[in-house]
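Student: Okay, handing you the structure first.
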Amino acid sequence: MSSTSASVLHLSRRATALAALVLALLGSAAFTTAARADFTLNSGKITITAGSTTGTPPTGSWVTLPSDDGGGAYFTNPSSTWTGTPDKIFTVIRPGATTATGLTLGAAQPSGGIIGSGTDAFNGLPWTLVTVSAPVLTFGGNDNSAGTRPLTTGSDLSGLRVVYNGTTYTVGTGFEPGPHRLQPLRGEVVGNTTTNGAATITLGWTTDLTEPGGFGTFRAQFQLVGTYDR
């Protein structure tokens, strides 16, 4: 064997030994990290699951508007059977009429259709949800898993608006901290998103209620729950 061949063989054995040492030190962690995947939902829709009229907070979809100064809830909900402490009055969000399409991902919805007319009133007046930019949700894990995967960075619901009594209020949010985001967007998905209706998505956040005129007296705390269809 030539001296060159011997040197190559020696280096090959050293590389093999080094690789074995790295695996012994890291164990399966190296493979676990490499296997981690995120997936983004930028199409399809979330059909809203109606909120419950019991519980603090209720299950399902709802919004509550406590005042910033701690003086209790301003908007009451006479159409709901839910009763609770003065600063925990929840307005139930329902799927709405048959024309409601749910929350569309990857496209703006500048007119009604996310919840339709089935949502309980704010202080006796109807309202709806619209989006002025495209919502996008990113989760850690695989899209076809059955388990729970957390919402991750890149998720964006900043374009969400409430249309109430002829005025449009900003209640949008994102995953990262930002202006008026008292608690940024958080949430999870449970179930396989590659099969229609098999996955449930839960989103929650707290934001100042704002409009172009500067109205910001109240904050809105949301929970949106729904099933995902591609």
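Residue numbering restarts at 1 for every chain of the structure tokens, chains are lettered A, B, ... in their displayed order, and ligands are numbered from 1 as they appear.
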Neighbours of range 154-160 of chain A within 6 Å (only C-alpha atoms; same-chain residues fewer than 5 positions away dropped), as a list in words?

Tutor: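 So the residues in contact are Val130, Thr131, Val132, Ser133, Pro135, Val136, Leu137, Thr138, Val171, Gly172, Thr173, Gly174 and Phe175 of chain A.
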
Student: Kindly export the residues of the current selection with N, CA and C atoms, as an mmCIF file, in the first residue's frame.

Tutor:
data_model
loop_
_atom_site.group_PDB
_atom_site.id
_atom_site.type_symbol
_atom_site.label_atom_id
_atom_site.label_comp_id
_atom_site.auth_asym_id
_atom_site.auth_seq_id
_atom_site.Cartn_x
_atom_site.Cartn_y
_atom_site.Cartn_z
ATOM 1 N N VAL A 130 -64.579 40.873 9.665
ATOM 2 C CA VAL A 130 -64.045 40.907 8.303
ATOM 3 C C VAL A 130 -62.521 40.915 8.385
ATOM 4 N N THR A 131 -61.871 40.668 7.266
ATOM 5 C CA THR A 131 -60.414 40.792 7.199
ATOM 6 C C THR A 131 -60.048 41.674 6.016
ATOM 7 N N VAL A 132 -59.040 42.532 6.208
ATOM 8 C CA VAL A 132 -58.582 43.431 5.152
ATOM 9 C C VAL A 132 -57.242 42.985 4.580
ATOM 10 N N SER A 133 -56.664 41.930 5.145
ATOM 11 C CA SER A 133 -55.463 41.308 4.590
ATOM 12 C C SER A 133 -55.567 39.815 4.820
ATOM 13 N N PRO A 135 -55.110 36.286 6.273
ATOM 14 C CA PRO A 135 -54.624 35.567 7.457
ATOM 15 C C PRO A 135 -53.770 34.360 7.066
ATOM 16 N N VAL A 136 -52.699 34.132 7.822
ATOM 17 C CA VAL A 136 -51.812 32.992 7.621
ATOM 18 C C VAL A 136 -51.482 32.396 8.987
ATOM 19 N N LEU A 137 -51.543 31.076 9.099
ATOM 20 C CA LEU A 137 -51.249 30.402 10.361
ATOM 21 C C LEU A 137 -50.162 29.367 10.143
ATOM 22 N N THR A 138 -49.123 29.388 10.995
ATOM 23 C CA THR A 138 -48.028 28.422 10.926
ATOM 24 C C THR A 138 -47.968 27.651 12.236
ATOM 25 N N VAL A 171 -59.086 44.829 15.460
ATOM 26 C CA VAL A 171 -58.878 43.850 16.535
ATOM 27 C C VAL A 171 -57.877 42.786 16.094
ATOM 28 N N GLY A 172 -57.164 43.055 14.998
ATOM 29 C CA GLY A 172 -56.215 42.088 14.454
ATOM 30 C C GLY A 172 -54.993 41.920 15.332
ATOM 31 N N THR A 173 -54.236 40.869 15.036
ATOM 32 C CA THR A 173 -53.083 40.548 15.860
ATOM 33 C C THR A 173 -52.092 39.711 15.055
ATOM 34 N N GLY A 174 -50.935 39.488 15.641
ATOM 35 C CA GLY A 174 -49.920 38.629 15.045
ATOM 36 C C GLY A 174 -49.238 37.825 16.126
ATOM 37 N N PHE A 175 -48.342 36.927 15.716
ATOM 38 C CA PHE A 175 -47.662 36.056 16.672
ATOM 39 C C PHE A 175 -46.656 36.828 17.515
#

Student: Per DSSP on the backbone, filter range 113-183 of chain A down to the residues in strand (DSSP E) and report them as a list in words.

Tutor: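 The strand (DSSP E) subset of range 113-183 of chain A is Trp127, Thr128, Leu129, Val130, Thr131, Leu137, Thr138, Phe139, Gly140, Thr148, Arg149, Pro150, Asp156, Leu157, Leu160, Arg161, Val162, Val163, Tyr164, Thr167, Thr168, Tyr169, Thr170, Thr173, Gly174, Arg181, Leu182 and Gln183 of chain A.
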
Student: Kindly give the distance, in Å, that separates CA of Thr128 in chain A and CA of Val162 in chain A, rounded to a single decimal.

Tutor: 5.9 Å

Student: Work out how far CA of Asp38 in chain A is from CA of Phe139 in chain A, in Å to one decimal.

Tutor: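 Pair CA of Phe139 in chain A / CA of Asp38 in chain A returns 5.6 Å.
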
Student: Determine the nearest neighbour of Val163 in chain A from the options A:Pro179, A:Ala199, A:Leu209, A:Thr49, counting only C-alpha atoms.

Tutor: A:Leu209

Student: Just the number, please: distance in Å from CA of Gly55 in chain A to CA of Thr193 in chain A, one decimal.

Tutor: 28.3 Å

Student: Give me, as an MDAnalysis selection string, all polymer residues having an atom no more than 7 Å from Asn144 in chain A, counting only C-alpha atoms and skipping those fewer than 2 positions away in the same chain.

Tutor: chainID A and resid 142 146 192:194

Student: Go ahead and save the picked residues with all heavy atoms, as a PDB file, in the first residue's frame.

Tutor:
ATOM      1  N   ASN A 142     -46.049  18.417  11.823  1.00  0.00           N
ATOM      2  CA  ASN A 142     -46.438  17.979  10.486  1.00  0.00           C
ATOM      3  C   ASN A 142     -47.927  18.201  10.258  1.00  0.00           C
ATOM      4  O   ASN A 142     -48.726  18.095  11.192  1.00  0.00           O
ATOM      5  CB  ASN A 142     -46.103  16.495  10.296  1.00  0.00           C
ATOM      6  CG  ASN A 142     -44.615  16.229  10.393  1.00  0.00           C
ATOM      7  OD1 ASN A 142     -43.822  16.882   9.719  1.00  0.00           O
ATOM      8  ND2 ASN A 142     -44.230  15.298  11.248  1.00  0.00           N
ATOM      9  N   ALA A 146     -51.832  13.653  14.111  1.00  0.00           N
ATOM     10  CA  ALA A 146     -53.111  13.621  14.817  1.00  0.00           C
ATOM     11  C   ALA A 146     -53.061  14.401  16.121  1.00  0.00           C
ATOM     12  O   ALA A 146     -54.096  14.777  16.665  1.00  0.00           O
ATOM     13  CB  ALA A 146     -53.519  12.178  15.102  1.00  0.00           C
ATOM     14  N   ASN A 192     -55.470  16.116  11.929  1.00  0.00           N
ATOM     15  CA  ASN A 192     -54.890  16.066  10.597  1.00  0.00           C
ATOM     16  C   ASN A 192     -55.491  17.154   9.708  1.00  0.00           C
ATOM     17  O   ASN A 192     -56.683  17.117   9.392  1.00  0.00           O
ATOM     18  CB  ASN A 192     -55.156  14.679  10.002  1.00  0.00           C
ATOM     19  CG  ASN A 192     -54.501  14.470   8.649  1.00  0.00           C
ATOM     20  OD1 ASN A 192     -53.975  15.395   8.046  1.00  0.00           O
ATOM     21  ND2 ASN A 192     -54.547  13.250   8.164  1.00  0.00           N
ATOM     22  N   THR A 193     -54.663  18.119   9.276  1.00  0.00           N
ATOM     23  CA  THR A 193     -55.169  19.213   8.443  1.00  0.00           C
ATOM     24  C   THR A 193     -55.262  18.842   6.968  1.00  0.00           C
ATOM     25  O   THR A 193     -55.730  19.650   6.170  1.00  0.00           O
ATOM     26  CB  THR A 193     -54.286  20.466   8.587  1.00  0.00           C
ATOM     27  OG1 THR A 193     -52.964  20.174   8.137  1.00  0.00           O
ATOM     28  CG2 THR A 193     -54.255  20.954  10.032  1.00  0.00           C
ATOM     29  N   THR A 194     -54.812  17.645   6.601  1.00  0.00           N
ATOM     30  CA  THR A 194     -54.918  17.225   5.204  1.00  0.00           C
ATOM     31  C   THR A 194     -56.262  16.566   4.909  1.00  0.00           C
ATOM     32  O   THR A 194     -56.546  16.230   3.762  1.00  0.00           O
ATOM     33  CB  THR A 194     -53.780  16.262   4.827  1.00  0.00           C
ATOM     34  OG1 THR A 194     -53.909  15.044   5.575  1.00  0.00           O
ATOM     35  CG2 THR A 194     -52.426  16.884   5.104  1.00  0.00           C
TER      36      THR A 194
END
